[in-house]
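As stored in run_29.txt (compact mmCIF, C-alpha atoms):
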```txt
# COMPACT_ATOMS: atom_id res chain seq x y z
CA MET W 1 14.32 95.53 36.23
CA PRO W 2 16.17 93.54 38.91
CA LEU W 3 19.10 91.46 37.71
CA VAL W 4 20.19 87.88 38.09
CA ARG W 5 23.79 87.83 39.22
CA VAL W 6 26.48 85.29 39.96
CA HIS W 7 29.38 86.38 42.17
CA ASN W 8 32.63 84.81 43.30
CA PHE W 9 32.16 81.62 41.35
CA SER W 10 35.63 80.11 41.40
CA ILE W 11 36.93 77.75 38.76
CA SER W 12 40.27 76.17 38.01
CA LEU W 13 42.24 76.99 34.84
CA ASP W 14 40.61 73.98 33.25
CA GLY W 15 37.14 75.17 34.21
CA TYR W 16 36.16 73.04 37.20
CA GLY W 17 34.02 74.64 39.92
CA SER W 18 34.59 71.73 42.24
CA GLY W 19 36.84 68.72 42.48
CA GLU W 20 35.69 65.21 43.22
CA PRO W 21 34.45 63.24 45.03
CA GLN W 22 32.32 65.70 47.01
CA SER W 23 31.57 64.60 50.57
CA LEU W 24 30.71 65.84 54.04
CA GLU W 25 34.43 66.05 54.84
CA SER W 26 35.44 67.51 51.47
CA PRO W 27 32.67 69.66 50.02
CA PHE W 28 34.88 70.51 47.03
CA GLY W 29 36.49 67.09 46.64
CA HIS W 30 40.19 67.02 45.82
CA ALA W 31 40.10 70.79 45.25
CA GLY W 32 40.00 71.23 49.02
CA GLN W 33 39.95 74.93 49.85
CA ARG W 34 42.18 75.91 46.95
CA LEU W 35 39.40 77.41 44.85
CA HIS W 36 38.52 79.83 47.63
CA GLU W 37 41.76 80.75 49.36
CA TRP W 38 41.82 84.00 47.40
CA MET W 39 38.60 84.97 49.18
CA PHE W 40 39.77 84.01 52.65
CA ALA W 41 42.64 86.49 52.24
CA THR W 42 40.29 89.42 51.66
CA SER W 43 38.66 91.90 54.03
CA PHE W 44 35.35 90.53 52.74
CA TRP W 45 36.15 87.35 54.67
CA ASP W 46 38.38 88.72 57.42
CA ARG W 47 37.42 92.30 58.05
CA GLU W 48 40.34 93.10 60.31
CA SER W 49 43.33 91.52 58.65
CA GLY W 50 42.18 90.75 55.11
CA GLN W 51 43.45 92.76 52.14
CA CYS W 52 41.20 95.41 50.61
CA GLY W 53 42.33 95.26 46.97
CA VAL W 54 40.69 94.01 43.83
CA ASP W 55 39.85 90.57 45.23
CA ALA W 56 38.03 92.13 48.19
CA VAL W 57 36.16 94.61 46.03
CA PHE W 58 34.87 91.85 43.79
CA ALA W 59 34.11 89.53 46.70
CA GLY W 60 32.05 92.15 48.49
CA ARG W 61 29.61 92.41 45.62
CA HIS W 62 28.22 89.07 46.79
CA GLU W 63 26.38 90.90 49.57
CA VAL W 64 24.94 93.95 47.89
CA GLY W 65 21.39 94.34 46.68
CA PHE W 66 19.98 90.84 46.78
CA GLY W 67 16.46 89.82 47.73
CA ALA W 68 16.75 86.08 47.10
CA GLU W 69 19.21 83.32 46.24
CA ILE W 70 18.83 80.22 44.09
CA MET W 71 21.25 77.34 44.57
CA GLY W 72 21.60 73.77 43.35
CA ALA W 73 21.19 70.70 45.51
CA ASN W 74 24.96 70.09 45.46
CA LYS W 75 25.60 73.46 47.07
CA PHE W 76 23.16 72.83 49.91
CA GLY W 77 24.73 69.63 51.16
CA PRO W 78 26.95 66.65 50.44
CA PRO W 79 25.72 63.84 48.17
CA GLY W 80 22.85 62.09 49.96
CA TRP W 81 21.71 65.00 52.16
CA GLN W 82 18.19 64.40 50.87
CA ASP W 83 18.18 61.19 52.93
CA ASP W 84 18.98 63.07 56.15
CA PRO W 85 15.88 64.82 57.50
CA ASP W 86 18.02 66.79 59.96
CA TRP W 87 20.41 68.35 57.38
CA ARG W 88 20.17 72.14 57.59
CA GLY W 89 22.93 73.21 55.18
CA TRP W 90 26.66 73.77 55.65
CA TRP W 91 26.40 77.17 57.24
CA GLY W 92 25.11 76.68 60.81
CA GLU W 93 22.06 78.39 62.23
CA ASP W 94 22.77 81.83 60.71
CA PRO W 95 23.60 81.24 57.03
CA PRO W 96 25.16 84.06 55.02
CA PHE W 97 22.18 84.56 52.71
CA HIS W 98 19.77 86.63 54.84
CA THR W 99 16.98 86.27 52.27
CA PRO W 100 14.65 83.58 50.99
CA THR W 101 16.95 80.96 49.47
CA TYR W 102 15.67 78.47 46.93
CA VAL W 103 17.31 75.06 46.78
CA LEU W 104 16.67 73.17 43.54
CA THR W 105 16.07 69.50 44.27
CA HIS W 106 13.99 66.71 42.85
CA ARG W 107 13.08 65.77 46.42
CA PRO W 108 11.59 68.89 48.00
CA ARG W 109 10.93 69.14 51.73
CA PRO W 110 9.20 71.75 53.94
CA PRO W 111 10.89 75.16 54.30
CA LEU W 112 13.60 75.65 56.90
CA GLU W 113 13.52 78.97 58.71
CA MET W 114 17.00 79.89 59.94
CA ALA W 115 18.35 82.88 61.90
CA GLY W 116 19.32 86.15 60.24
CA GLY W 117 16.60 86.23 57.63
CA THR W 118 17.53 83.12 55.67
CA THR W 119 14.71 80.70 54.90
CA PHE W 120 15.50 77.69 52.74
CA HIS W 121 12.76 76.70 50.33
CA PHE W 122 13.06 73.49 48.35
CA LEU W 123 11.88 73.53 44.75
CA ASP W 124 11.57 70.87 42.08
CA ALA W 125 11.43 73.31 39.18
CA SER W 126 13.06 74.37 35.92
CA PRO W 127 15.47 77.33 35.95
CA ALA W 128 12.79 79.66 34.57
CA GLU W 129 10.17 78.47 37.06
CA ALA W 130 12.54 78.77 39.99
CA LEU W 131 13.57 82.23 38.88
CA ALA W 132 9.96 83.39 38.67
CA VAL W 133 9.44 82.33 42.29
CA ALA W 134 12.69 83.93 43.44
CA ARG W 135 11.98 87.19 41.59
CA GLU W 136 8.60 87.40 43.27
CA ALA W 137 10.27 87.02 46.67
CA ALA W 138 13.08 89.47 45.85
CA GLY W 139 10.77 92.30 44.82
CA ASP W 140 12.87 95.24 43.66
CA LEU W 141 16.12 93.54 44.60
CA ASP W 142 18.32 91.26 42.53
CA VAL W 143 18.43 87.47 42.58
CA ARG W 144 21.73 85.79 43.34
CA LEU W 145 22.50 82.54 41.59
CA GLY W 146 24.73 80.68 44.01
CA GLY W 147 25.98 77.68 42.00
CA GLY W 148 27.30 75.01 41.68
CA ALA W 149 28.68 74.61 38.21
CA SER W 150 25.73 72.80 36.66
CA VAL W 151 23.22 75.33 37.98
CA VAL W 152 25.26 78.28 36.69
CA ARG W 153 25.62 76.51 33.35
CA ASP W 154 21.91 75.72 33.08
CA PHE W 155 20.80 79.26 33.93
CA VAL W 156 23.34 80.86 31.61
CA ALA W 157 22.39 78.51 28.78
CA ALA W 158 18.73 79.41 29.35
CA GLY W 159 19.57 83.12 28.97
CA LEU W 160 18.57 83.91 32.55
CA VAL W 161 21.81 85.43 33.89
CA ASP W 162 22.66 89.15 33.56
CA HIS W 163 25.97 89.42 35.39
CA LEU W 164 28.41 86.55 35.80
CA HIS W 165 31.56 86.94 37.86
CA LEU W 166 34.04 84.07 37.64
CA VAL W 167 37.32 83.79 39.47
CA VAL W 168 39.92 81.72 37.67
CA VAL W 169 42.32 80.17 40.17
CA PRO W 170 45.73 79.13 38.80
CA ILE W 171 45.41 75.42 39.46
CA VAL W 172 44.58 72.54 37.12
CA LEU W 173 42.05 70.22 38.77
CA GLY W 174 41.71 67.74 35.92
CA ARG W 175 38.33 66.42 37.11
CA GLY W 176 35.18 67.47 38.89
CA ALA W 177 32.20 69.65 37.96
CA ARG W 178 33.01 71.59 34.80
CA LEU W 179 31.42 74.93 34.11
CA TRP W 180 31.92 75.46 30.39
CA ASP W 181 30.14 72.56 28.75
CA GLY W 182 27.30 73.63 26.50
CA LEU W 183 28.14 77.34 26.62
CA GLU W 184 29.64 77.67 23.12
CA ALA W 185 29.65 81.22 21.74
CA LEU W 186 28.94 82.87 25.09
CA GLU W 187 30.84 85.87 23.71
CA ASP W 188 27.95 86.53 21.33
CA THR W 189 25.60 87.47 24.15
CA PHE W 190 27.96 88.79 26.82
CA ASP W 191 30.62 91.46 27.02
CA ILE W 192 33.61 89.84 28.67
CA GLU W 193 36.25 91.60 30.73
CA SER W 194 39.19 90.28 32.70
CA VAL W 195 41.53 91.60 35.34
CA SER W 196 44.45 89.78 36.90
CA SER W 197 44.88 90.17 40.62
CA PRO W 198 48.24 90.34 42.40
CA SER W 199 47.00 87.32 44.37
CA GLY W 200 47.29 85.24 41.20
CA VAL W 201 43.60 84.82 40.40
CA ILE W 202 41.86 86.32 37.38
CA HIS W 203 38.49 88.00 37.68
CA LEU W 204 36.30 87.46 34.63
CA THR W 205 33.07 89.40 34.29
CA PHE W 206 30.34 88.65 31.79
CA THR W 207 27.75 91.37 31.22
CA ARG W 208 24.74 90.36 29.18
CA ARG W 209 24.15 92.65 26.21
CA GLY W 210 20.91 94.60 26.23
CA MET P 1 71.14 74.62 29.69
CA PRO P 2 68.94 75.60 26.76
CA LEU P 3 65.21 75.70 27.48
CA VAL P 4 62.15 74.25 25.84
CA ARG P 5 59.61 77.02 25.39
CA VAL P 6 56.07 77.44 24.11
CA HIS P 7 55.00 80.92 23.01
CA ASN P 8 51.74 82.46 21.88
CA PHE P 9 49.69 79.32 22.27
CA SER P 10 46.15 80.66 22.18
CA ILE P 11 43.22 78.91 23.81
CA SER P 12 39.58 79.76 24.38
CA LEU P 13 38.16 80.31 27.87
CA ASP P 14 37.16 76.67 27.85
CA GLY P 15 40.65 75.56 26.90
CA TYR P 16 40.47 74.76 23.19
CA GLY P 17 43.56 75.49 21.07
CA SER P 18 41.58 74.93 17.87
CA GLY P 19 37.98 74.57 16.79
CA GLU P 20 36.68 71.84 14.54
CA PRO P 21 36.63 70.48 11.91
CA GLN P 22 40.12 71.47 10.77
CA SER P 23 40.54 71.70 6.99
CA LEU P 24 42.54 73.34 4.23
CA GLU P 25 40.03 76.20 4.18
CA SER P 26 39.71 76.46 7.97
CA PRO P 27 42.94 75.46 9.71
CA PHE P 28 41.36 76.25 13.09
CA GLY P 29 37.87 74.96 12.33
CA HIS P 30 34.95 76.97 13.64
CA ALA P 31 37.36 79.12 15.67
CA GLY P 32 38.33 80.84 12.42
CA GLN P 33 40.92 83.52 13.16
CA ARG P 34 39.45 84.46 16.51
CA LEU P 35 42.15 82.77 18.56
CA HIS P 36 44.82 84.86 16.89
CA GLU P 37 43.29 88.27 16.23
CA TRP P 38 45.06 89.59 19.33
CA MET P 39 48.36 88.83 17.58
CA PHE P 40 47.43 90.37 14.24
CA ALA P 41 46.86 93.66 16.07
CA THR P 42 50.41 93.79 17.39
CA SER P 43 53.61 95.27 16.01
CA PHE P 44 54.98 91.72 16.09
CA TRP P 45 52.62 90.96 13.20
CA ASP P 46 52.29 94.39 11.62
CA ARG P 47 55.44 96.33 12.34
CA GLU P 48 54.16 99.67 11.08
CA SER P 49 50.64 99.93 12.41
CA GLY P 50 50.41 97.25 15.12
CA GLN P 51 50.32 98.19 18.80
CA CYS P 52 53.45 97.81 20.90
CA GLY P 53 51.93 97.01 24.30
CA VAL P 54 51.83 93.88 26.38
CA ASP P 55 50.45 91.67 23.60
CA ALA P 56 53.28 92.69 21.27
CA VAL P 57 55.93 92.19 23.92
CA PHE P 58 54.73 88.67 24.63
CA ALA P 59 54.25 87.84 20.95
CA GLY P 60 57.78 88.91 20.05
CA ARG P 61 59.29 86.34 22.37
CA HIS P 62 58.34 83.75 19.75
CA GLU P 63 61.35 84.85 17.70
CA VAL P 64 64.12 85.19 20.21
CA GLY P 65 66.82 82.66 20.90
CA PHE P 66 65.61 79.51 19.17
CA GLY P 67 67.73 76.96 17.33
CA ALA P 68 64.95 74.49 16.46
CA GLU P 69 61.20 73.97 16.51
CA ILE P 70 59.12 70.86 17.14
CA MET P 71 55.54 70.77 15.92
CA GLY P 72 52.76 68.21 15.64
CA ALA P 73 51.42 66.83 12.37
CA ASN P 74 48.23 68.87 12.79
CA LYS P 75 50.19 72.10 12.78
CA PHE P 76 52.04 71.26 9.58
CA GLY P 77 48.99 70.72 7.42
CA PRO P 78 45.29 69.96 7.21
CA PRO P 79 44.02 66.43 7.92
CA GLY P 80 45.29 64.16 5.15
CA TRP P 81 48.39 66.18 4.17
CA GLN P 82 50.39 62.97 4.52
CA ASP P 83 48.64 61.73 1.37
CA ASP P 84 49.80 64.76 -0.63
CA PRO P 85 53.47 64.42 -1.63
CA ASP P 86 53.53 68.07 -2.72
CA TRP P 87 52.37 69.58 0.59
CA ARG P 88 55.05 71.95 1.91
CA GLY P 89 53.32 73.46 4.94
CA TRP P 90 50.99 76.43 5.34
CA TRP P 91 53.64 79.09 5.22
CA GLY P 92 54.84 79.37 1.63
CA GLU P 93 58.47 79.06 0.55
CA ASP P 94 59.91 81.14 3.42
CA PRO P 95 58.32 79.80 6.62
CA PRO P 96 58.68 81.85 9.82
CA PHE P 97 60.83 79.30 11.65
CA HIS P 98 64.31 79.90 10.18
CA THR P 99 65.74 76.83 11.91
CA PRO P 100 65.51 73.06 11.63
CA THR P 101 61.86 72.27 12.30
CA TYR P 102 60.78 68.80 13.37
CA VAL P 103 57.33 67.62 12.40
CA LEU P 104 56.05 64.69 14.45
CA THR P 105 54.22 62.22 12.23
CA HIS P 106 53.74 58.50 12.04
CA ARG P 107 54.38 58.75 8.29
CA PRO P 108 57.79 60.40 7.89
CA ARG P 109 59.05 61.65 4.52
CA PRO P 110 62.37 63.10 3.31
CA PRO P 111 63.40 66.53 4.65
CA LEU P 112 62.12 69.66 2.93
CA GLU P 113 64.61 72.48 2.62
CA MET P 114 62.83 75.82 2.42
CA ALA P 115 64.06 79.40 2.09
CA GLY P 116 65.20 81.48 5.04
CA GLY P 117 66.86 78.71 6.99
CA THR P 118 63.84 76.52 7.64
CA THR P 119 64.23 72.81 6.95
CA PHE P 120 61.35 70.54 7.79
CA HIS P 121 62.35 67.14 9.14
CA PHE P 122 59.72 64.48 9.68
CA LEU P 123 60.03 62.28 12.76
CA ASP P 124 58.10 59.31 14.04
CA ALA P 125 59.32 59.63 17.61
CA SER P 126 58.29 60.04 21.24
CA PRO P 127 58.44 63.54 22.78
CA ALA P 128 61.71 62.73 24.56
CA GLU P 129 63.29 61.26 21.43
CA ALA P 130 62.21 64.18 19.26
CA LEU P 131 63.51 66.64 21.83
CA ALA P 132 66.92 64.95 21.91
CA VAL P 133 67.19 65.37 18.14
CA ALA P 134 66.01 68.99 18.27
CA ARG P 135 68.36 69.87 21.12
CA GLU P 136 71.27 68.49 19.16
CA ALA P 137 70.33 70.69 16.21
CA ALA P 138 69.69 73.77 18.38
CA GLY P 139 73.07 73.68 20.08
CA ASP P 140 73.25 76.48 22.63
CA LEU P 141 69.88 77.88 21.62
CA ASP P 142 66.42 77.00 22.92
CA VAL P 143 63.89 74.65 21.36
CA ARG P 144 60.48 76.02 20.52
CA LEU P 145 57.51 73.73 20.91
CA GLY P 146 55.01 74.96 18.36
CA GLY P 147 51.84 73.00 19.18
CA GLY P 148 49.08 72.05 18.56
CA ALA P 149 47.21 71.28 21.73
CA SER P 150 47.97 67.58 21.94
CA VAL P 151 51.69 68.11 21.37
CA VAL P 152 51.89 70.81 24.04
CA ARG P 153 49.94 68.56 26.40
CA ASP P 154 52.14 65.53 25.74
CA PHE P 155 55.40 67.42 26.21
CA VAL P 156 54.18 69.19 29.36
CA ALA P 157 52.90 65.91 30.80
CA ALA P 158 56.29 64.33 30.08
CA GLY P 159 58.02 67.12 32.05
CA LEU P 160 59.86 68.40 28.98
CA VAL P 161 58.67 72.04 28.91
CA ASP P 162 60.41 74.85 30.83
CA HIS P 163 58.41 77.94 29.80
CA LEU P 164 54.80 77.83 28.67
CA HIS P 165 53.03 80.97 27.46
CA LEU P 166 49.30 80.64 26.91
CA VAL P 167 46.98 83.34 25.65
CA VAL P 168 43.41 82.97 26.86
CA VAL P 169 41.03 84.55 24.37
CA PRO P 170 37.59 85.55 25.72
CA ILE P 171 35.51 83.22 23.57
CA VAL P 172 33.88 79.89 24.39
CA LEU P 173 34.51 77.40 21.58
CA GLY P 174 32.69 74.45 23.08
CA ARG P 175 34.53 71.88 20.95
CA GLY P 176 37.86 71.24 19.28
CA ALA P 177 41.32 70.31 20.51
CA ARG P 178 41.49 70.81 24.27
CA LEU P 179 44.73 71.65 26.00
CA TRP P 180 44.11 70.81 29.62
CA ASP P 181 43.28 67.12 29.66
CA GLY P 182 45.71 65.06 31.68
CA LEU P 183 47.54 68.05 33.18
CA GLU P 184 46.08 67.81 36.71
CA ALA P 185 48.18 69.57 39.37
CA LEU P 186 50.32 71.50 36.92
CA GLU P 187 50.62 74.12 39.66
CA ASP P 188 52.82 71.71 41.63
CA THR P 189 55.64 71.90 39.10
CA PHE P 190 55.16 75.37 37.58
CA ASP P 191 54.96 78.90 38.92
CA ILE P 192 51.95 80.48 37.24
CA GLU P 193 51.47 84.17 36.52
CA SER P 194 48.73 86.01 34.68
CA VAL P 195 48.27 89.45 33.19
CA SER P 196 45.17 90.82 31.52
CA SER P 197 45.71 92.83 28.39
CA PRO P 198 43.60 95.84 27.39
CA SER P 199 42.88 93.87 24.21
CA GLY P 200 40.80 91.44 26.26
CA VAL P 201 43.14 88.46 26.24
CA ILE P 202 44.92 87.08 29.27
CA HIS P 203 48.56 86.09 29.15
CA LEU P 204 49.36 83.08 31.34
CA THR P 205 52.95 82.11 31.92
CA PHE P 206 54.08 78.83 33.43
CA THR P 207 57.69 78.66 34.63
CA ARG P 208 58.94 75.23 35.60
CA ARG P 209 60.39 75.12 39.08
CA GLY P 210 64.07 74.27 39.35
```

Structure encoded using structure tokens:
Amino acid sequence: MPLVRVHNFSISLDGYGSGEPQSLESPFGHAGQRLHEWMFATSFWDRESGQCGVDAVFAGRHEVGFGAEIMGANKFGPPGWQDDPDWRGWWGEDPPFHTPTYVLTHRPRPPLEMAGGTTFHFLDASPAEALAVAREAAGDLDVRLGGGASVVRDFVAAGLVDHLHLVVVPIVLGRGARLWDGLEALEDTFDIESVSSPSGVIHLTFTRRG
Amino acid sequence: MPLVRVHNFSISLDGYGSGEPQSLESPFGHAGQRLHEWMFATSFWDRESGQCGVDAVFAGRHEVGFGAEIMGANKFGPPGWQDDPDWRGWWGEDPPFHTPTYVLTHRPRPPLEMAGGTTFHFLDASPAEALAVAREAAGDLDVRLGGGASVVRDFVAAGLVDHLHLVVVPIVLGRGARLWDGLEALEDTFDIESVSSPSGVIHLTFTRRG
């Protein structure tokens, strides 16, 4: 059975996956790039001069074995992108997904075929409905859940996530999109492991019990 | 210069230092003992059969070099203890503080002299005022800040804490007394380090920059 996996989802010590306000200039609000600097320093991001330790090993799992991605509207573009018919995502003409990619939005639009195998499909659907569509597209491969915080939260709360990899970055954001709300007693359904990296971040993995 | 230190302050993944509701029967509310089981398994707690690894080493720092403790009203007793003139704390006649111990409360009462060197003093005072009194009593020794969450938060926000040791326990409480509120950008004034323990908890240390 293919899995639903979340990788490299970075949060602050106080559990925010993004700062605020989010905008075209600041996709992560006042967090800036601080939630993701750990990744930029890895060979996953910079093959020639990045480090190849625990951060890189975790980061690289983002690429392996996926046949589809699901993401929330807030990951696809800045607030208001639905009003811009020309918005094609943050990632240029060759986005790093290379599979069918399902964007959850209450204002769907026709699919966008990009280079490199990525096609964006826009769905107004519940987590379970969206997952059924993505699983169909992914075939024998896994489905990546790409975030943001509210999408991860909703899918986890609905019992739809098998593997969850969080990266706790040692900053306190104080405000933004918080991951943890509504996930009380997550330890009852997941095995939780942590490892501290020399870079200062903490990798947390949640494995759903069989 | 003596330091102000917090040791062994346990929080859930989502940042709660206690569950709810707190009561005589359940001092930590629905968290039960889960925030502190890591400590019960150490030689700090059980000298003969506890483990002596990283959890024990951190836990033992709670005892070393203190001349006074400050704690909040919610640490001293269950909600409503102020209405019980016979309440003498949770810890029996020989509490584990062995120094003057200052309880912050808006309803002070006369000091309580216990066995083993602990005397409880009751102060209606700001963090800075309480700390001045505690420093005076501690002399050349450090002052321990004992919690709970709101007291740690208030003292950290006021810039009065030098060393902060948090223990992140891999549970999601969902509700209770949250540590992080109002501490945005803590990383600007503290160096932050983390280490994962084989027990599953994560030790976070915050060292105030000089």

Per-residue nearest contacts region 176-197 of chain P to region 17-35 of chain W, cut-off 12 Å, using all atoms listed in the file, as CSV:
```
residue,atom,partner,partner_atom,distance
P:Glu184,CA,W:Ala31,CA,10.8
P:Ala185,CA,W:Ala31,CA,10.1
P:Glu187,CA,W:Arg34,CA,11.3
```

To one decimal in Å, tell me the separation between CA of Arg5 (chain P) and CA of His163 (chain P).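 These two atoms are separated by 4.7 Å.
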
Could you list, as a ChimeraX atom specification, every residue of chain W that has an atom within 7 Å of an atom of chain P, counting all atoms listed in the file? /W:14-15,170-174,180-187,192-196,200

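Taking all atoms listed in the file into account, His62 (chain P) lies nearest to P:Leu166 out of the set P:Val151, P:Leu166, P:Ala115, P:Leu104.
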
Could you pull out every residue with an atom within 12 Å of (22.2, 72.3, 54.5), file coordinates, counting only C-alpha atoms, and send them as a PyMOL selection string? chain W and resi 24+27+71-95+101-103+111-114+118-122

Residues within 12 Å of Gly159 (chain P), please, as a list of chain:residue names. Count all atoms listed in the file; anything in the same chain fewer than 4 positions from it doesn't count. P:Val4, P:Pro127, P:Ala128, P:Leu131, P:Val152, P:Arg153, P:Asp154, P:Phe155, P:His163, P:Leu164, P:Leu183, P:Leu186, P:Asp188, P:Thr189, P:Phe190, P:Thr207, P:Arg208, P:Arg209, P:Gly210

Please give the centre and size of the box around region 57-65 of chain W (axis-aligned, containing every atom listed in the file, 8 Å added per side), with values in Å to one decimal and written as JSON.
```
{"center_x": 28.8, "center_y": 91.8, "center_z": 46.7, "size_x": 30.8, "size_y": 21.5, "size_z": 21.8}
```

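Using only C-alpha atoms for every distance, the candidate list W:Thr99, W:Ser12, W:Thr205, W:Thr42 yields W:Thr99 as the residue closest to Arg144 (chain W).
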
Could you tell me how far CA of His36 (chain W) sits from CA of Ser49 (chain W), in Å to one decimal place?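 A separation of 16.8 Å between them.
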
Shell of 8 Å around Ala134 (chain P), all atoms listed in the file, local chain residues under 2 positions omitted, as number ranges by chain: P: 68-70, 100-102, 130-132, 136-138, 143
